[in-house]
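Worksheet for the structure shown next.
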Amino acid sequence: MRLWDLGTRAMHHDESLHAYYAWNLYSGNGYEHNPMMHGPFQMEATAAIFFPFGDSDYTARLLYAVAGIALVGLPYFFRGRLGNLGALFVSVLLAFSPAMLYFSRFARNDILMAVWTLGLVVCMWRYIDEGKNRYLYVATALLALAFATKETAYIVTATLGLYLILAVAVRNWPAIRQGITIGEVSPPVAVVRILVGAWSVLARGLTLTGVSRPAAFLVLLITLTLPLWAAIASVFQDSPLLSWSGLVLAGHGGSTGTIGAPTRGGVVIAALVVLVLLWISSVAGFRWNRLVWGRCMIIFYVVWGLLYSTFFTNMAGIGSGAWQSLGYWLVQQGEARGGQPWYYYFVITSVYEFLPLLIAVVGSVYYIGRRDSFGRFLVFWAAITFIIYSMASEKMPWLLVNMTLPLIVLSGKFLGDIAGGIQWSQVGYRSFASFAAIGVVGVLLVLTMRTGWNVSYRNGDTPVEMMVYTQTSPDIVRLFRHVEEAAGDAFGDEDIAVPITIDGTSGFAWPWAWYLRDYTRVAYPSYDGAPLQSAPDASVLLVHANNQPEAGALPADRFTEGIRIKHRWWFPEVYRGLTMSKLLGGIADPTAWRSAIDYFLFRKLAIPLGSEDIYVYFSPDFSSGFSPSS
């Protein structure tokens with residue numbers, strides 16, 4: 001499912017970026033960490049894949065497909081908590097999940113983060129259950145890989161850390177609330193005594209010796225990652241606290257410096273903050289367990305440092321990884337990329353991940369009412385993750401992977417418990433209800449498989465799918481194949497020397513920079529604001545549709561008539577402007593129900609897809625015969 005026909009779909013803009021910079025590294029041109037493309041791991045790992053298997057659309061996506069396969073296998077190591085049936089259900093849901101399947105075949109790092117995240121959760125609970133240090137070492141390596149993959153690692157760490165804080169607080173609640181008898185003290189006195197009790201417990205815990213296993217894992221999370229949170233200090237640069245100083249701790253681009261990076265005096269402050277947090281984390285870690293934490297520190301910073309320095313070929317990556325990784329995305333939050341409404345994930349989850357969403361809602365009610373710490377953790381993980389991503393200003397379909405993962409684990413655990421509790425020899429009311437529920441799940445699983453098939457194989461680069469979002473048109477792949485064939489006919493063995501000019505307006509250089517990586521005579525001028533003055537020396541000319549009037553005067557003896565094709569196209573976002581009154585009105589509107597069902601089952605849209613187009617011109621001596629799909 002992950003590997004079949006992996007290279008056919010048109011390369012998305014982001015995919016082509018990741019593949020191109022991986023190819024640069026593979027070709028010996030190195031790689032410098034740029035937080036705009038997140039962590040360096042995916043470029044470095046893809047470059048490593050290129051060495052034995054070559055560079056192609058297929059191999060550019062191979063890392064992610066392998067990660068998707070590994071993700072399906074991970075629940076095997078979680079059987080102690082999920083149960084055998086639960087682990088099997090989780091694996092089945094991961095295998096057929098539309099989001100997990102589609103983004104296992106997509107060159108973005110979200111599926112990698114799903115592997116690291118589930119691995120961390122497995123290690124956390126196996127350490128809590130068994131207390132073996134090897135789980136701390138594996139968790140440390142996974143944590144380093146996560147922070148070298150994508151900045152959502154901060155969200156994962158904060159989510160797990162918050163749960164462990166609550167777990168430790170509950171464990172110590174009797175000591176915290178001692179001296180308080182309900183009805184005998186006033187609320188203000190009770191609050192003061194709670195604070196005193198909390199401080200007493202915290203003071204004892206600061207020795208960090210003999211702490212519980214949840215507290216030990218919490219110490220590990222905090223101390224290893226604390227220096228990487230240093231860029232949070234940049235939020236004060238525009239506050240009354242620091243605005244008078246003119247310090248730039250995280251630039252906004254342009255005259256304010258590189259986005260997310262400090263400048264001049266800000267560099268000194270940033271370095272001091274990182275060093276102070278590193279010292280604090282080291283002191284705390286050695287207090288907890290000198291030997292174990294020392295090993296974990298070595299594992300974490302060796303893995304993290306090798307990846308961010310691209311194996312010592314880009315030492316500046318250490319600094320950008322320690323500060324700019326977080327600083328860049330703190331600055332970018334104001335951009336609200338995607339510009340989606342607050343309910344975006346409710347819509348897209350109900351369209352694609354309706355099965356785990358429905359089961360997780362029922363399972364949450366089930367576990368909240370039971371004394372099941374693991375079940376409550378799964379509810380917490382799923383709920384907090386969904387809330388955080390819904391609150392974040394940037395909302396994109398690939399982030400659905402992060403929310404789907406805990407929903408699936410919760411759903412699989414719940415299904416395992418329900419199926420395992422059926423008394424097959426005695427069909428009573430509860431057994432019958434459980435059996436009927438499993439039947440409903442089976443029907444929804446078939447619908448899920450159909451949805452996953454359509455989005456991954458049938459409509460993979462056609463944005464009738466919300467999950468496809470904005471995508472390179474398949475016309476671009478057809479054009480590239482035509483250019484390859486025609487160049488071979490016209491130029492023979494020197495076909496990579498065919499002259500090609502591509503209007504770079506609106507980022508149209510991508511995905512061409514990837515597709516034409518081996519061509520030696522490619523130019524990417526921008527005709528936006530700089531009209532085409534004369535016919536370029538090119539056998540193939542591509543001009544953005546907005547700039548086509550200037551290209552319309554191209555001499556007929558130099559170029560054939562332009563052919564308009566879609567360069568990128570997108571889902572029309574029919575869900576925008578939804579209000580509670582519209583939603584309630586739609587419940588009683590048969591037309592609204594018909595439209596919703598038509599889209600849910602058949603992806604029928606009443607509004608045409610949006611697109612940004614380009615004109616392609618060929619020189620007369622260049623082989624013709626190209627025609628777009630529509």
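In the structure tokens, chains take the letters A, B, ... in the order shown, each chain's residues start at 1, and ligands count up from 1 in the order shown.
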
Write out as an NGL selection string the residues lying within 9 Å of Ser234 in chain A, counting only C-alpha atoms and excluding same-chain residues fewer than 3 positions away.
-> :A and (230-231 or 237-238 or 248-250 or 260 or 262 or 270 or 327 or 330)

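Closest to Ala382 in chain A among A:Ala271, A:Leu447, A:Leu291, A:Leu160 is A:Leu160, based on only C-alpha atoms.
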
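Between CA of Ser364 in chain A and CA of Arg213 in chain A there is a distance of 25.3 Å.
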
Sorted by chain and rising residue number, which residues of range 55-165 of chain A lie within 10 Å of range 221-226 of chain A, and what are their closest atom pairs and distances in Å to one decimal, counting only C-alpha atoms, as a tab-separated table?
residue	atom	partner	partner_atom	distance
A:Leu136	CA	A:Leu221	CA	9.9
A:Ala139	CA	A:Leu221	CA	9.2
A:Thr140	CA	A:Leu224	CA	8.1
A:Leu143	CA	A:Leu221	CA	8.4
A:Ala144	CA	A:Thr225	CA	8.8
A:Phe147	CA	A:Thr225	CA	8.8
A:Ala153	CA	A:Thr225	CA	10.0
A:Tyr154	CA	A:Thr225	CA	8.8
A:Thr157	CA	A:Leu221	CA	6.9
A:Ala158	CA	A:Leu221	CA	8.9
A:Leu160	CA	A:Leu221	CA	8.5
A:Gly161	CA	A:Leu221	CA	6.9
A:Leu164	CA	A:Leu221	CA	9.9

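Rounded to one decimal, CA of Pro214 in chain A and CA of Met100 in chain A lie 29.6 Å from each other.
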
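Closest approach to Gln340 in chain A among A:Leu532, A:Ser411, A:Gly577, A:Asn454: A:Gly577, based on only C-alpha atoms.
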
List the neighbours of range 102-110 of chain A out to 6 Å using only C-alpha atoms; skip same-chain residues closer than 5 positions along the sequence, and give me the result as number ranges by chain.
-> A: 15, 61, 64-65, 68, 456

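CA of His13 in chain A lies 22.6 Å from CA of Trp453 in chain A.
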
Identify, with DSSP run on backbone atoms, the residues in range 72-195 of chain A assigned to helix (DSSP H, G or I), and express the list as a PyMOL selection string.
-> chain A and resi 72-96+98-104+110-130+134-147+153-171+173-176+187-195

Can you tell me, as a ChimeraX atom specification, what residues are no more than 12 Å from Phe286 in chain A when counting only C-alpha atoms, ignoring any on the same chain fewer than 3 positions away?
-> /A:206-209,219-220,223-224,279-283,289-297

At a cut-off of 12 Å, can you tabulate as a tab-separated table every residue of range 337-407 of chain A near range 431-439 of chain A together with its closest atom pair and the distance in Å to one decimal, using only C-alpha atoms and ordering rows by chain then number?
residue	atom	partner	partner_atom	distance
A:Leu355	CA	A:Ile438	CA	11.8
A:Leu358	CA	A:Ala437	CA	11.5
A:Ile359	CA	A:Ala437	CA	9.8
A:Val362	CA	A:Ala437	CA	11.0

Within 12 Å of Phe77 in chain A, counting only C-alpha atoms, which residues show up once you throw out same-chain ones fewer than 5 positions away? Write them as a PyMOL selection string, please.
-> chain A and resi 70-72+82-84+86-88+90-91+118-126+135

Just to be explicit: take each residue in the selection above, keep N, CA, C and O atoms, and write the result as a PDB file, in the first residue's frame.
ATOM      1  N   ALA A  70       6.792   1.229   9.116  1.00  0.00           N
ATOM      2  CA  ALA A  70       7.265   1.030  10.495  1.00  0.00           C
ATOM      3  C   ALA A  70       6.198   1.427  11.506  1.00  0.00           C
ATOM      4  O   ALA A  70       6.033   0.777  12.546  1.00  0.00           O
ATOM      5  N   LEU A  71       5.465   2.481  11.208  1.00  0.00           N
ATOM      6  CA  LEU A  71       4.419   2.948  12.120  1.00  0.00           C
ATOM      7  C   LEU A  71       3.368   1.871  12.343  1.00  0.00           C
ATOM      8  O   LEU A  71       2.896   1.676  13.473  1.00  0.00           O
ATOM      9  N   VAL A  72       3.004   1.166  11.281  1.00  0.00           N
ATOM     10  CA  VAL A  72       1.998   0.098  11.405  1.00  0.00           C
ATOM     11  C   VAL A  72       2.499  -1.019  12.310  1.00  0.00           C
ATOM     12  O   VAL A  72       1.719  -1.666  13.010  1.00  0.00           O
ATOM     13  N   LEU A  82      -1.758  -2.107  25.413  1.00  0.00           N
ATOM     14  CA  LEU A  82      -2.910  -2.173  24.515  1.00  0.00           C
ATOM     15  C   LEU A  82      -3.610  -3.515  24.563  1.00  0.00           C
ATOM     16  O   LEU A  82      -4.802  -3.618  24.261  1.00  0.00           O
ATOM     17  N   GLY A  83      -2.882  -4.577  24.954  1.00  0.00           N
ATOM     18  CA  GLY A  83      -3.396  -5.933  24.821  1.00  0.00           C
ATOM     19  C   GLY A  83      -3.172  -6.423  23.398  1.00  0.00           C
ATOM     20  O   GLY A  83      -2.984  -5.630  22.469  1.00  0.00           O
ATOM     21  N   ASN A  84      -3.186  -7.729  23.208  1.00  0.00           N
ATOM     22  CA  ASN A  84      -2.944  -8.271  21.866  1.00  0.00           C
ATOM     23  C   ASN A  84      -3.983  -7.805  20.858  1.00  0.00           C
ATOM     24  O   ASN A  84      -3.656  -7.385  19.742  1.00  0.00           O
ATOM     25  N   GLY A  86      -5.982  -5.175  21.149  1.00  0.00           N
ATOM     26  CA  GLY A  86      -5.881  -3.729  20.998  1.00  0.00           C
ATOM     27  C   GLY A  86      -4.752  -3.335  20.068  1.00  0.00           C
ATOM     28  O   GLY A  86      -4.911  -2.451  19.215  1.00  0.00           O
ATOM     29  N   ALA A  87      -3.591  -3.982  20.227  1.00  0.00           N
ATOM     30  CA  ALA A  87      -2.445  -3.689  19.358  1.00  0.00           C
ATOM     31  C   ALA A  87      -2.777  -4.021  17.907  1.00  0.00           C
ATOM     32  O   ALA A  87      -2.407  -3.280  16.981  1.00  0.00           O
ATOM     33  N   LEU A  88      -3.478  -5.134  17.705  1.00  0.00           N
ATOM     34  CA  LEU A  88      -3.857  -5.516  16.344  1.00  0.00           C
ATOM     35  C   LEU A  88      -4.823  -4.494  15.738  1.00  0.00           C
ATOM     36  O   LEU A  88      -4.667  -4.095  14.576  1.00  0.00           O
ATOM     37  N   VAL A  90      -5.071  -1.324  16.540  1.00  0.00           N
ATOM     38  CA  VAL A  90      -4.331  -0.090  16.271  1.00  0.00           C
ATOM     39  C   VAL A  90      -3.562  -0.214  14.955  1.00  0.00           C
ATOM     40  O   VAL A  90      -3.560   0.702  14.122  1.00  0.00           O
ATOM     41  N   SER A  91      -2.911  -1.358  14.749  1.00  0.00           N
ATOM     42  CA  SER A  91      -2.148  -1.554  13.515  1.00  0.00           C
ATOM     43  C   SER A  91      -3.055  -1.530  12.283  1.00  0.00           C
ATOM     44  O   SER A  91      -2.702  -0.952  11.243  1.00  0.00           O
ATOM     45  N   LEU A 118       4.941   8.039  18.494  1.00  0.00           N
ATOM     46  CA  LEU A 118       4.427   6.777  19.031  1.00  0.00           C
ATOM     47  C   LEU A 118       5.542   6.005  19.723  1.00  0.00           C
ATOM     48  O   LEU A 118       5.325   5.381  20.775  1.00  0.00           O
ATOM     49  N   GLY A 119       6.750   6.056  19.161  1.00  0.00           N
ATOM     50  CA  GLY A 119       7.886   5.408  19.818  1.00  0.00           C
ATOM     51  C   GLY A 119       8.144   5.985  21.195  1.00  0.00           C
ATOM     52  O   GLY A 119       8.424   5.253  22.158  1.00  0.00           O
ATOM     53  N   LEU A 120       8.066   7.315  21.333  1.00  0.00           N
ATOM     54  CA  LEU A 120       8.249   7.966  22.634  1.00  0.00           C
ATOM     55  C   LEU A 120       7.187   7.526  23.634  1.00  0.00           C
ATOM     56  O   LEU A 120       7.486   7.253  24.805  1.00  0.00           O
ATOM     57  N   VAL A 121       5.943   7.464  23.176  1.00  0.00           N
ATOM     58  CA  VAL A 121       4.848   7.045  24.064  1.00  0.00           C
ATOM     59  C   VAL A 121       5.056   5.610  24.515  1.00  0.00           C
ATOM     60  O   VAL A 121       4.856   5.278  25.698  1.00  0.00           O
ATOM     61  N   VAL A 122       5.470   4.748  23.603  1.00  0.00           N
ATOM     62  CA  VAL A 122       5.736   3.352  23.957  1.00  0.00           C
ATOM     63  C   VAL A 122       6.853   3.283  25.002  1.00  0.00           C
ATOM     64  O   VAL A 122       6.733   2.589  26.027  1.00  0.00           O
ATOM     65  N   CYS A 123       7.940   4.005  24.768  1.00  0.00           N
ATOM     66  CA  CYS A 123       9.066   3.989  25.708  1.00  0.00           C
ATOM     67  C   CYS A 123       8.663   4.542  27.071  1.00  0.00           C
ATOM     68  O   CYS A 123       9.078   4.012  28.117  1.00  0.00           O
ATOM     69  N   MET A 124       7.866   5.599  27.076  1.00  0.00           N
ATOM     70  CA  MET A 124       7.443   6.197  28.339  1.00  0.00           C
ATOM     71  C   MET A 124       6.668   5.199  29.186  1.00  0.00           C
ATOM     72  O   MET A 124       6.963   5.014  30.380  1.00  0.00           O
ATOM     73  N   TRP A 125       5.704   4.527  28.559  1.00  0.00           N
ATOM     74  CA  TRP A 125       4.883   3.610  29.334  1.00  0.00           C
ATOM     75  C   TRP A 125       5.618   2.321  29.678  1.00  0.00           C
ATOM     76  O   TRP A 125       5.382   1.745  30.753  1.00  0.00           O
ATOM     77  N   ARG A 126       6.510   1.864  28.823  1.00  0.00           N
ATOM     78  CA  ARG A 126       7.280   0.668  29.175  1.00  0.00           C
ATOM     79  C   ARG A 126       8.268   0.971  30.299  1.00  0.00           C
ATOM     80  O   ARG A 126       8.532   0.114  31.150  1.00  0.00           O
ATOM     81  N   TYR A 135      14.819   1.825  28.030  1.00  0.00           N
ATOM     82  CA  TYR A 135      13.718   2.594  27.444  1.00  0.00           C
ATOM     83  C   TYR A 135      14.012   4.095  27.492  1.00  0.00           C
ATOM     84  O   TYR A 135      13.556   4.854  26.626  1.00  0.00           O
TER      85      TYR A 135
END

Using only C-alpha atoms, determine which residues lie at most 6 Å from range 611-624 of chain A, disregarding the query and same-chain residues fewer than 2 positions distant; provide the list as an MDAnalysis selection string.
-> chainID A and resid 486 539:545 558:560 562:569 626

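Minimum atom-to-atom distances from A:Ile128, A:Ala553, A:Ala215, A:Leu609 to Ala169 in chain A were compared using only C-alpha atoms, and the lowest value belongs to A:Ala215.
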
Can you list, as a ChimeraX atom specification, every protein, DNA or RNA residue that comes within 10 Å of Ile155 in chain A when you count only C-alpha atoms, leaving out same-chain residues fewer than 6 positions away?
-> /A:161,384-385,388-389,402

Among listed residues A:Asp461, A:Gly285, A:Gly266, A:Gly253, nearest Phe236 in chain A (using only C-alpha atoms) | A:Gly266
